[in-house]
Every structure is written in structure tokens, then in C-alpha cells.
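Have a look at the structure below, then the notes.
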2 protein chains.
Amino acid sequence: MENRNSTLKAIADRLGLNVATVSRALHGSPLVRPETRDQVLNVAAELRYRPNKSARNLVQGRNGTRFIGVLIPDLIHQFFFGVLKGIVQELKSESYSLMVFNIASDRATVVNRIMDEAPDGLMVFFYGLEQEERQHIRECRFPFVYVDYMSPVDPCCYMDNFEGGRIAATYLLERGVRRPFFVGTTADTQQQRSRLEGFSSVFAAEGISDIGKKFIEIEEPASCALTTEILEADSYDGIFYFCDELAYGGIKAIRQTGKCLPIVGYDDLPMSEILRLSTVRQDSEQLGRSSASLMIDLVRTGTWTQDMDPGSVGSKIIKLSPQLIVRDT
Amino acid sequence: MENRNSTLKAIADRLGLNVATVSRALHGSPLVRPETRDQVLNVAAELRYRPNKSARNLVQGRNGTRFIGVLIPDLIHQFFFGVLKGIVQELKSESYSLMVFNIASDRATVVNRIMDEAPDGLMVFFYGLEQEERQHIRECRFPFVYVDYMSPVDPCCYMDNFEGGRIAATYLLERGVRRPFFVGTTADTQQQRSRLEGFSSVFAAEGISDIGKKFIEIEEPASCALTTEILEADSYDGIFYFCDELAYGGIKAIRQTGKCLPIVGYDDLPMSEILRLSTVRQDSEQLGRSSASLMIDLVRTGTWTQDMDPGSVGSKIIKLSPQLIVRDT
DNA sequence: CTGAAAGCGCTTACAG
DNA sequence: CTGAAAGCGCTTACAG
């Protein structure tokens with residue numbers, strides 16, 4: 001029950017003034033007698049007057065402050081922090097604020113909420129969208145860009161996960177691994193599939209097609225337990241973890257069991273350096289910056305995705321490369 | 001040069017229709033002939049028509065979607081991520097979006113931008129506000145709450161830093177420390193002052209008033225170098241770091257020099273567990289959740305800070321306690 | 001210093 | 001099915 005806001009008119013009536021005068025008083029115009037102003041201010045406070053933003057924007061010819069929307073899932077993954085940081089950094093030199101929409105809040109209505117808000121652009125940072133939701137977004141009346149998601153037909157900024165998988169495989173291969181294992185997550189994402197494909201392709205080229213796999217929640221204990229199993233079974237001689245967070249569990253297991261084999265993570269989170277984890281680095285901040293930069297470009301040029309011709313989308317797709325970081329594992 | 005948006009009228013004129021019809025067509029009203037609708041849709045696309053949100057909101061009597069603003073500095077500190085995560089989590093069960101304002105974007109205008117946006121509430125998460133800026137915010141026409149900042153006269157949700165300092169001191173004291181050192185940061189914040197006061201008070205009670213101090217940037221190498229100096233000078237027998245990120249440098253220095261002394265950090269970032277750092281834990285997510293919850297309470301009850309009487313502010317102040325985590329350092 | 005009036009762009013009864 | 005009109009709450013010339 002949102003109690004109806006009081007209006008200029010309410011204040012004016014109360015004081016026997018005209019709305020124009022009230023408006024002026026509220027804006028500290030010099031064209032109003034101090035006593036009048038004070039009266040107005042008092043009544044305004046009493047009535048808890050809040051100006052109607054829409055009315056003001058309408059008359060002033062601006063469509064509200066400019067802002068970019070970002071659609072994310074709950075901030076579950078450390079990696080998101082870097083991305084968000086990059087976005088915020090890039091946006092700060094522009095006069096755009098950032099509106100965060102949480103897909104986990106109310107999945108069914110969030111896209112409508114976004115449309116209501118009509119952001120100047122939308123950055124979609126969520127892997128699990130349904131086809132229908134994608135289409136819905138594509139039809140929106142503002143530009144959008146996928147962040148960390150590869151789409152051949154939409155503007156996007158993504159990390160080359162296939163290449164990342166290849167890098168990990170090559171590293172393990174060079175360290176003598178012949179029976180590789182992949183520890184993934186239960187979320188079947190494009191990222192994971194690509195990494196695994198890239199990873200497999202390298203081993204396949206060496207005639208190694210039998211890759212162990214298991215998919216678990218991103219939790220250190222789970223990963224530690226799984227790694228311990230792997231170590232004890234002794235059937236694999238190297239592990240590629242979908243992400244560093246999983247690899248940390250691996251490090252722990254290796255320490256505990258005293259056994260040793262090459263492992264490689266993914267992301268290069270801050271703590272990986274300290275743990276001396278070899279990993280495939282994704283520069284999350286750069287991803288954020290590049291995405292935001294692309295977004296702003298689209299907004300400035302008014303490039304609605306829905307009426308871009310397929311040929312020109314290509315120039316709006318940014319691929320960033322991961323990088324091997326060799327440390328002690 | 002924001003090119004003026006085309007309006008309903010533009011479309012109507014182009015087709016010799018009335019704006020009402022165009023409006024209906026755009027909303028898929030059944031009261032419009034399919035052919036007319038298609039024409040309208042085509043012209044709308046061609047003209048890149050975007051409805052004026054302000055006008056629509058105005059006529060529909062809603063003041064735009066509800067959202068909470070959060071004023072933050074650049075996402076520089078890991079700790080922020082947990083807080084943000086907590087806020088987003090808390091907000092998701094409510095129908096509020098989150099608008100992020102970066103104080104680092106344009107310090108001079110950001111408060112005005114916020115006022116323009118007129119959020120339903122503002123969460124201020126920034127330690128370094130000027131007195132004047134505080135006053136400005138206090139006069140805003142919406143409720144606000146300070147996050148992780150202790151104010152006796154404003155709604156706020158903060159961690160008890162004095163107590164945290166005491167906890168750290170007590171821990172070191174018990175481990176036999178008599179010549180403590182404090183490694184702080186160059187940013188002279190309320191947080192740091194309180195921690196240091198709490199820390200000092202415990203040692204003072206033991207007749208130890210000579211506490212070494214140095215203030216540096218939050219960078220691992222800097223902290224490592226400083227710690228190395230301290231270790232080599234051999235004048236201090238225990239170190240309290242303002243935050244875990246600084247303590248990590250300390251751990252490194254201890255490892256490198258082979259010398260050893262008790263150290264304690266602050267925050268309990270995820271990697272501290274793995275590094276086995278003893279630390280004073282702040283539950284950043286809880287801080288986020290509690291702050292957001294307080295914010296929503298204020299918004300719902302329409303509690304403007306500017307007209308709360310001092311007596312009742314007390315109930316709008318939430319103090320959260322840090323907690324000692326004993327590990328190997 | 002104050003008021004009456006116009007108009008921002010839209011939606012929605014009210015008439016046809 | 002379509003149009004003419006009113007009105008949302010505000011700001012700002014234009015008159016006094």
C-alpha cells in the first residue's frame with residue numbers, strides 16, 4: 001500500500017499559493033520571498049513531499065538519468081566480482097549509472113521489470129537463459145551485449161574457453177600427463193562445454209580419448225574429497241579443474257595424501273598466486289571493461305541488435321584470450 | 001548529442017493516424033486493425049521509437065520502478081564483494097532493484113545525480129565522505145543508511161571495530177606478545193581508528209603503551225617488505241594487520257625470512273582459511289544483508305532520517321560483532 | 001515576488 | 001476500429 005505521494009498542488013492549496021510559487025520555493029529560486037519559501041519548505045517536510053520524478057523529467061525533456069542495466073545471477077561466483085569491478089571502472093568515466101537486476105529474484109518477471117525500467121543498454125551476464133528469454137531480450141528497445149557468453153548472432157564479449165581448455169591440456173601433456181581427469185561443475189554451461197572440448201581435442205590429437213570426468217558443486221570440501229578418491233584410485237595422472245575454487249580442494253587433497261600429480265585450475269583468482277596454483281588465467285576485470293566499452297559503443301551509436309544485419313554483428317563480438325600461468329602445481 | 005527520441009506523434013503523423021491509435025497498436029490492443037498495427041510497428045521500428053518512460057509513468061501514476069541506490073567507491077576492496085552479495089541476496093526477495101553509484105566517477109556531481117534519480121532509499125557505503133556531503137545526503141528526500149560506518153545520529157549498520165581491535169590484541173597478548181606492531185593503511189578511516197583504539201586499549205591495560213605503527217597501501221609486496229623490515233629489526237614480537245590482504249604479505253615475509261612471530265589479520269577473506277591465517281572475522285555478507293534489511297524497513301515505513309527524532313535513531317543502529325578465528329599464525 | 005497558462009509525451013475513458 | 005480530449009505532476013516563460 002504505497003501511500004499516494006503528496007503533490008505540489010497539495011502544498012500550494014495548504015498555503016493558498018500557486019503551484020508555480022511552490023515549485024520555485026522548492027528549487028531555492030530567488031524569485032520567492034524568504035518567508036514564503038520557509039513556509040513551503042515546512043509544509044513540504046510535513047507532507048513528506050517528494051517531487052514526481054517522471055513529471056519533472058517529462059517537462060525537462062530528459063528521459064531520466066542514463067543508466068546501463070546488468071542482468072546477473074546471485075553474486076555466487078568470485079569471478080563475477082572482477083567483472084563487476086571492470087564494468088564499474090569503465091562506466092565511471094562515462095555518465096552512466098549501473099542498475100543491477102538479479103535473475104534469481106523473480107525469474108518470471110525480471111525481464112519485464114527491465115523493460116519497464118528501459119535502461120539505455122543491458123549487459124546480460126548469465127549463462128542459463130532460456131531460448132525464449134533470449135528472444136525476449138533481443139526484441140527489447142535498447143542495445144544489449146552478452147558478457148562472457150559466446151553468441152554468433154548477438155553482440156557479446158567472451159573469453160575463449162575452447163582455447164583455455166587447449167592451454168590446460170597442453171600444459172598437462174607437457175608435464176607428462178597421459179590419463180587426464182576433468183573436474184567440472186554440475187551446471188552445464190557453454191563455458192564448461194567449450195573448455196572440455198578444447199581440452200579433449202588436444203589429448204585426442206595425441207591419441208588419448210579416454211578422459212575421466214566428474215561434475216560436482218563448486219565447494220572446496222567436495223572437490224577435496226573427489227580428488228582424494230582420484231589420487232587413491234591411482235588411475236589418473238593429472239587433473240584439470242573447471243575453476244580455481246575447485247582446484248583449491250585439489251591442492252588440499254594433494255597436501256593431505258602426500259601423493260602428487262600435476263593439476264591446473266582456471267580463472268586465476270587472487271588466492272591462486274599465494275597457493276602457487278598453476279592455472280589458466282581469465283582477466284575478469286578486462287572482461288568487464290571490454291564488455292562495458294562495447295555496451296557504451298552500442299548505446300552511443302544507437303545500435304539496436306534487433307535491426308543489425310547479420311553481417312555487421314561480427315564487428316560487435318569481442319573474443320578475449322586466456323593465458324597460462326605456470327606455478328608450482 | 002543524444003538524438004531526440006521520436007514520439008508517438010511522429011509515428012501518427014507519418015501514417016495519418018491519431019496518437020491514440022498508435023499507442024494502442026504499440027500495446028497490442030485488440031481495438032486496432034491488424035494492418036494498421038503492422039504499419040505502426042514498422043514505422044516505429046524505422047523511427048527507432050522508444051516510449052518516453054517518464055510520460056508513461058506519469059500518466060499511469062507510478063513513479064517508476066522501485067529501486068535502492070548504493071553509493072560505493074570503486075570496487076577496490078575484496079570485502080565489498082561480500083557486502084554487495086549480501087545486499088543483492090536480501091533485495092531479491094523484495095521487489096527492489098539496485099542502482100550502483102560510484103563515488104569515484106564524479107565526486108562533485110554524484111550526490112546530485114542520486115537526488116535526480118530519487119531512489120527509494122540509499123545505502124551509503126563509503127568511508128571518506130566529507131561533512132558537507134553527509135549533510136547533503138541527510139537532507140535528501142528519501143531514507144538512507146550507512147553501511148559499515150558508525151554514526152550516532154543516523155541509521156547505520158556497522159561492525160564493531162573497537163571490539164575487533166580488542167579481540168586482536170587479546171589474541172596476541174595471550175600468545176605472549178609484549179611489543180606489538182600495527183600495520184595499517186594510508187586511508188585514515190573510522191574503521192582503522194576504532195580498531196587501533198580497541199587494540200591499544202587492551203595493551204594499555206597491561207601497561208604496554210608503546211605500539212609500533214606504520215601505514216601503507218594495501219598491496220601484498222609493500223606489506224611483505226614492511227614485515228621483513230620488522231622481522232629483521234627484531235624490536236617487535238607480534239603484528240596486527242588492518243586487513244587480511246596486508247597480512248598475506250606478512251605470511252610471505254615470515255616464510256621467506258624463516259623468522260616467526262604471532263600475527264593476526266582482519267576480515268577473514270576466503271583465502272585466509274587456506275593460508276591458515278589467524279584473523280578477526282567480519283561477516284561481510286551478513287553486513288550486507290542486515291544493512292539491506294534495515295534499509296527496506298526504513299523505506300517501507302517511510303522513515304526519513306531528516307525528521308526522525310534523535311531518540312528513535314537508536315533503534316535504527318545495528319552493531320555487528322566480529323569474531324576471532326584462531327588458525328596457525 | 002506571485003499567478004495563470006502552456007506544454008512535456010503518454011494513456012485511456014468517451015464518443016463516434 | 002479510430003479520433004478528439006482530458007489529465008498525470010511538474011517547470012517555465014509570460015504577465016502582472
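Residues are referred to by chain and number: the chain letter is A, B, ... according to the order shown in the C-alpha cells, the number counts from 1 in that chain, and ligands are numbered separately from 1 in the order shown.
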
_Need the shell around segment 82-84 of chain A: protein/DNA/RNA residues with any atom at most 6 Å away, counting only C-alpha atoms (C1' of nucleotides). Skip same-chain ones fewer than 4 positions apart. Format as an NGL selection string?_
:A and (284-285 or 288)

*asked:* Using only C-alpha atoms (C1' of nucleotides), I'd like every residue of chain C that has an atom within 9 Å of chain B; please write them out as a list in words.
replied: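 Every residue of chain C that passes the 9 Å test is in DC8, DG9, DC10, DT11 and DT12 of chain C.
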
Just-selected residues, C-alpha atoms (C1' of nucleotides) written as a short mmCIF file (atom, residue, chain, number, x, y, z; two decimals), in the first residue's frame:
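Resulting contents of selection-v9.cif:
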data_model
loop_
_atom_site.label_atom_id
_atom_site.label_comp_id
_atom_site.auth_asym_id
_atom_site.auth_seq_id
_atom_site.Cartn_x
_atom_site.Cartn_y
_atom_site.Cartn_z
"C1'" DC C 8 6.32 17.86 -21.93
"C1'" DG C 9 4.58 12.58 -24.16
"C1'" DC C 10 1.81 9.45 -23.00
"C1'" DT C 11 -2.76 6.57 -21.81
"C1'" DT C 12 -7.49 5.97 -21.51
#

With a cut-off of 8 Å and counting only C-alpha atoms, select all residues of chain B in contact with chain A and give the selection as a JSON list (two decimals) with C-alpha atoms, in the first residue's frame.
[["chain", "number", "residue", "atom", "x", "y", "z"],
["B", 50, "ARG", "CA", 11.24, 4.24, -27.69],
["B", 52, "ASN", "CA", 9.05, 8.02, -23.10],
["B", 53, "LYS", "CA", 9.22, 6.30, -19.78],
["B", 54, "SER", "CA", 8.53, 9.47, -17.84],
["B", 55, "ALA", "CA", 5.38, 10.26, -19.73],
["B", 57, "ASN", "CA", 4.87, 6.58, -15.67],
["B", 58, "LEU", "CA", 3.32, 9.96, -15.14],
["B", 63, "ASN", "CA", 6.86, 6.86, -10.02],
["B", 64, "GLY", "CA", 8.91, 4.32, -11.93],
["B", 65, "THR", "CA", 10.09, 1.02, -10.60],
["B", 74, "ASP", "CA", 35.40, 1.85, -6.86],
["B", 75, "LEU", "CA", 35.10, -1.80, -6.04],
["B", 76, "ILE", "CA", 38.62, -1.76, -4.71],
["B", 81, "PHE", "CA", 32.11, -8.13, -2.73],
["B", 85, "LYS", "CA", 26.47, -10.14, -2.32],
["B", 88, "VAL", "CA", 21.72, -8.45, -3.56],
["B", 89, "GLN", "CA", 20.59, -11.53, -1.71],
["B", 91, "LEU", "CA", 16.93, -7.49, -2.04],
["B", 92, "LYS", "CA", 15.98, -10.38, -4.23],
["B", 93, "SER", "CA", 13.07, -11.37, -2.06],
["B", 94, "GLU", "CA", 11.87, -7.79, -2.29],
["B", 95, "SER", "CA", 10.84, -6.14, -5.49],
["B", 97, "SER", "CA", 16.42, -3.34, -7.96],
["B", 98, "LEU", "CA", 19.78, -1.96, -7.04],
["B", 99, "MET", "CA", 21.35, 1.10, -8.60],
["B", 100, "VAL", "CA", 25.06, 1.44, -8.14],
["B", 101, "PHE", "CA", 26.54, 4.90, -7.87],
["B", 102, "ASN", "CA", 30.29, 5.16, -7.95],
["B", 104, "ALA", "CA", 34.82, 7.72, -7.81],
["B", 105, "SER", "CA", 33.03, 8.62, -11.02],
["B", 106, "ASP", "CA", 32.43, 12.29, -10.45],
["B", 113, "ARG", "CA", 22.83, 12.51, -9.69],
["B", 116, "ASP", "CA", 17.88, 13.27, -9.56],
["B", 117, "GLU", "CA", 17.34, 9.56, -9.67],
["B", 118, "ALA", "CA", 15.37, 9.75, -6.47],
["B", 141, "ARG", "CA", 14.01, 13.21, 0.42],
["B", 271, "MET", "CA", 41.82, -17.29, 1.18],
["B", 275, "LEU", "CA", 46.69, -19.77, 4.27]]

*as JSON, numbers by chain, list the residues of segment 25-80 of chain B assigned to strand (DSSP E or B) by DSSP on the backbone atoms of this structure.*
{"B": [67, 68, 69, 70, 71, 72]}

Hey, can you spit out that residue selection with N, CA, C and O atoms as an mmCIF file, in the first residue's frame?
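This went into result.cif:
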data_model
loop_
_atom_site.group_PDB
_atom_site.id
_atom_site.type_symbol
_atom_site.label_atom_id
_atom_site.label_comp_id
_atom_site.auth_asym_id
_atom_site.auth_seq_id
_atom_site.Cartn_x
_atom_site.Cartn_y
_atom_site.Cartn_z
ATOM 1 N N PHE B 67 13.579 1.249 -6.606
ATOM 2 C CA PHE B 67 14.950 0.765 -6.504
ATOM 3 C C PHE B 67 15.701 1.433 -5.368
ATOM 4 O O PHE B 67 15.390 2.542 -4.951
ATOM 5 N N ILE B 68 16.669 0.710 -4.890
ATOM 6 C CA ILE B 68 17.531 1.190 -3.832
ATOM 7 C C ILE B 68 18.854 1.604 -4.460
ATOM 8 O O ILE B 68 19.367 0.909 -5.333
ATOM 9 N N GLY B 69 19.382 2.723 -4.043
ATOM 10 C CA GLY B 69 20.694 3.132 -4.529
ATOM 11 C C GLY B 69 21.771 2.703 -3.555
ATOM 12 O O GLY B 69 21.530 2.612 -2.354
ATOM 13 N N VAL B 70 22.920 2.395 -4.078
ATOM 14 C CA VAL B 70 24.049 2.135 -3.189
ATOM 15 C C VAL B 70 25.245 2.956 -3.657
ATOM 16 O O VAL B 70 25.607 2.929 -4.832
ATOM 17 N N LEU B 71 25.756 3.740 -2.743
ATOM 18 C CA LEU B 71 26.878 4.613 -3.078
ATOM 19 C C LEU B 71 28.161 3.955 -2.608
ATOM 20 O O LEU B 71 28.353 3.728 -1.408
ATOM 21 N N ILE B 72 29.006 3.629 -3.553
ATOM 22 C CA ILE B 72 30.250 2.942 -3.196
ATOM 23 C C ILE B 72 31.441 3.623 -3.850
ATOM 24 O O ILE B 72 31.296 4.351 -4.829
#

*Using only C-alpha atoms, which of A:Thr228, A:Arg14, A:Val153, A:Arg179 sits nearest Gln135 of chain A?*
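Counting only C-alpha atoms, the residue closest to Gln135 of chain A is A:Val153.
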
*Give me every alpha helix (DSSP H) residue in segment 128-288 of chain B, going by DSSP on the backbone, as a PyMOL selection string.*
chain B and resi 131-138+161-174+190-205+220-233+244-257+270-275+284-288

*What does the C-alpha RMSD come to when chain A is least-squares superposed onto chain B, all C-alpha atoms paired in sequence order?*
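The superposed chains show a C-alpha RMSD of 0.3 Å.
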
*asked:* Report, in Å with one decimal, the straight-line distance from atom CA of Glu220 of chain A to atom CA of Leu246 of chain A.
replied: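 Taking atom CA of Glu220 of chain A and atom CA of Leu246 of chain A, their separation equals 5.8 Å.
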
*Determine, counting only C-alpha atoms (C1' of nucleotides), which protein, DNA and RNA residues have an atom within 12 Å of an atom of Arg37 of chain B; residues of the same chain fewer than 6 positions away are not included. Present the result as a list in words.*
Ile11, Ala12, Leu15, Leu17, Thr21, Val22, Ser23, Arg24, Ala25, Leu26, His27, Gly28, Ser29, Pro30, Leu31, Val43 and Ala44 of chain B; DC1 of chain D

Filtering to all heavy atoms, could you give me those residues as a compact mmCIF listing (two decimals), in the first residue's frame?
# COMPACT_ATOMS: atom_id res chain seq x y z
N ILE B 11 5.09 9.11 -35.31
CA ILE B 11 4.58 7.92 -35.99
C ILE B 11 3.19 8.19 -36.54
O ILE B 11 2.87 7.86 -37.69
CB ILE B 11 4.53 6.72 -35.03
CG1 ILE B 11 5.92 6.44 -34.47
CG2 ILE B 11 3.99 5.50 -35.73
CD1 ILE B 11 5.95 5.37 -33.40
N ALA B 12 2.36 8.82 -35.70
CA ALA B 12 0.98 9.10 -36.09
C ALA B 12 0.96 9.97 -37.34
O ALA B 12 0.26 9.66 -38.32
CB ALA B 12 0.25 9.78 -34.94
N LEU B 15 1.71 8.34 -40.58
CA LEU B 15 0.70 7.43 -41.10
C LEU B 15 -0.69 8.08 -41.18
O LEU B 15 -1.68 7.41 -41.50
CB LEU B 15 0.62 6.18 -40.22
CG LEU B 15 1.84 5.25 -40.27
CD1 LEU B 15 1.83 4.29 -39.10
CD2 LEU B 15 1.85 4.49 -41.58
N LEU B 17 -2.41 8.98 -38.72
CA LEU B 17 -3.24 8.41 -37.65
C LEU B 17 -3.24 9.34 -36.45
O LEU B 17 -2.50 10.31 -36.40
CB LEU B 17 -2.70 7.05 -37.22
CG LEU B 17 -2.83 5.88 -38.21
CD1 LEU B 17 -2.01 4.71 -37.74
CD2 LEU B 17 -4.30 5.51 -38.35
N THR B 21 -4.38 5.86 -31.51
CA THR B 21 -4.34 4.61 -32.26
C THR B 21 -2.93 4.01 -32.23
O THR B 21 -2.75 2.81 -32.02
CB THR B 21 -4.75 4.87 -33.73
OG1 THR B 21 -5.97 5.59 -33.73
CG2 THR B 21 -4.89 3.57 -34.47
N VAL B 22 -1.97 4.87 -32.41
CA VAL B 22 -0.59 4.40 -32.40
C VAL B 22 -0.28 3.78 -31.04
O VAL B 22 0.29 2.69 -30.95
CB VAL B 22 0.38 5.55 -32.69
CG1 VAL B 22 1.82 5.09 -32.57
CG2 VAL B 22 0.13 6.12 -34.08
N SER B 23 -0.68 4.47 -30.03
CA SER B 23 -0.44 3.97 -28.68
C SER B 23 -1.05 2.58 -28.53
O SER B 23 -0.40 1.65 -28.05
CB SER B 23 -1.04 4.93 -27.66
OG SER B 23 -0.93 4.40 -26.36
N ARG B 24 -2.28 2.45 -28.97
CA ARG B 24 -2.96 1.15 -28.86
C ARG B 24 -2.23 0.09 -29.66
O ARG B 24 -2.01 -1.02 -29.18
CB ARG B 24 -4.40 1.28 -29.36
CG ARG B 24 -5.27 2.12 -28.45
CD ARG B 24 -6.73 2.02 -28.83
NE ARG B 24 -7.50 3.06 -28.16
CZ ARG B 24 -7.90 4.19 -28.72
NH1 ARG B 24 -7.61 4.44 -29.99
NH2 ARG B 24 -8.57 5.08 -28.02
N ALA B 25 -1.87 0.44 -30.87
CA ALA B 25 -1.19 -0.53 -31.73
C ALA B 25 0.08 -1.04 -31.04
O ALA B 25 0.35 -2.24 -30.99
CB ALA B 25 -0.84 0.12 -33.05
N LEU B 26 0.83 -0.11 -30.49
CA LEU B 26 2.09 -0.46 -29.85
C LEU B 26 1.87 -1.36 -28.64
O LEU B 26 2.76 -2.12 -28.24
CB LEU B 26 2.80 0.82 -29.41
CG LEU B 26 4.03 1.26 -30.22
CD1 LEU B 26 4.07 0.66 -31.60
CD2 LEU B 26 4.10 2.77 -30.27
N HIS B 27 0.69 -1.27 -28.05
CA HIS B 27 0.42 -2.10 -26.89
C HIS B 27 -0.32 -3.38 -27.26
O HIS B 27 -0.80 -4.08 -26.40
CB HIS B 27 -0.39 -1.33 -25.85
CG HIS B 27 0.44 -0.33 -25.14
ND1 HIS B 27 0.63 0.93 -25.61
CD2 HIS B 27 1.18 -0.43 -24.01
CE1 HIS B 27 1.43 1.59 -24.80
NE2 HIS B 27 1.78 0.79 -23.82
N GLY B 28 -0.43 -3.59 -28.56
CA GLY B 28 -1.11 -4.81 -29.00
C GLY B 28 -2.57 -4.85 -28.59
O GLY B 28 -3.13 -5.90 -28.36
N SER B 29 -3.19 -3.68 -28.54
CA SER B 29 -4.61 -3.66 -28.20
C SER B 29 -5.42 -4.32 -29.31
O SER B 29 -5.10 -4.17 -30.50
CB SER B 29 -5.06 -2.21 -28.04
OG SER B 29 -6.46 -2.11 -28.21
N PRO B 30 -6.46 -5.05 -28.95
CA PRO B 30 -7.30 -5.69 -29.97
C PRO B 30 -8.18 -4.67 -30.68
O PRO B 30 -8.82 -4.98 -31.67
CB PRO B 30 -8.14 -6.67 -29.16
CG PRO B 30 -8.18 -6.10 -27.78
CD PRO B 30 -6.92 -5.33 -27.59
N LEU B 31 -8.18 -3.47 -30.14
CA LEU B 31 -9.03 -2.43 -30.71
C LEU B 31 -8.40 -1.79 -31.93
O LEU B 31 -8.69 -0.63 -32.24
CB LEU B 31 -9.30 -1.34 -29.66
CG LEU B 31 -10.10 -1.76 -28.43
CD1 LEU B 31 -10.19 -0.60 -27.45
CD2 LEU B 31 -11.47 -2.21 -28.86
N VAL B 43 6.78 1.46 -38.85
CA VAL B 43 7.26 2.84 -38.74
C VAL B 43 7.98 3.04 -37.39
O VAL B 43 9.00 3.71 -37.32
CB VAL B 43 6.10 3.84 -38.88
CG1 VAL B 43 6.61 5.25 -38.66
CG2 VAL B 43 5.47 3.72 -40.25
N ALA B 44 7.42 2.43 -36.36
CA ALA B 44 8.04 2.56 -35.04
C ALA B 44 9.48 2.04 -35.08
O ALA B 44 10.40 2.70 -34.59
CB ALA B 44 7.24 1.79 -34.00
P DC D 1 -11.36 -4.98 -36.08
OP1 DC D 1 -10.58 -5.50 -37.17
OP2 DC D 1 -11.22 -5.43 -34.71
O5' DC D 1 -11.26 -3.43 -36.02
C5' DC D 1 -10.21 -2.69 -36.62
C4' DC D 1 -10.68 -1.27 -36.63
O4' DC D 1 -11.74 -1.13 -35.67
C3' DC D 1 -9.64 -0.23 -36.20
O3' DC D 1 -9.23 0.47 -37.37
C2' DC D 1 -10.36 0.69 -35.23
C1' DC D 1 -11.81 0.24 -35.31
N1 DC D 1 -12.59 0.35 -34.07
C2 DC D 1 -13.30 1.52 -33.83
O2 DC D 1 -13.25 2.47 -34.66
N3 DC D 1 -14.05 1.64 -32.69
C4 DC D 1 -14.10 0.62 -31.83
N4 DC D 1 -14.85 0.78 -30.74
C5 DC D 1 -13.38 -0.59 -32.05
C6 DC D 1 -12.65 -0.68 -33.18

*asked:* Taking 6 positions as the minimum chain separation for residues in the same chain, which residues sit within 9 Å of Gln191 of chain A when counting only C-alpha atoms (C1' of nucleotides)? Answer as a VMD selection string.
replied: chain A and resid 127 148 to 150 159 to 162

*In Å, rounded to a single decimal, give me how far atom CA of Lys259 of chain A is from atom CA of Asp234 of chain A.*
9.7 Å
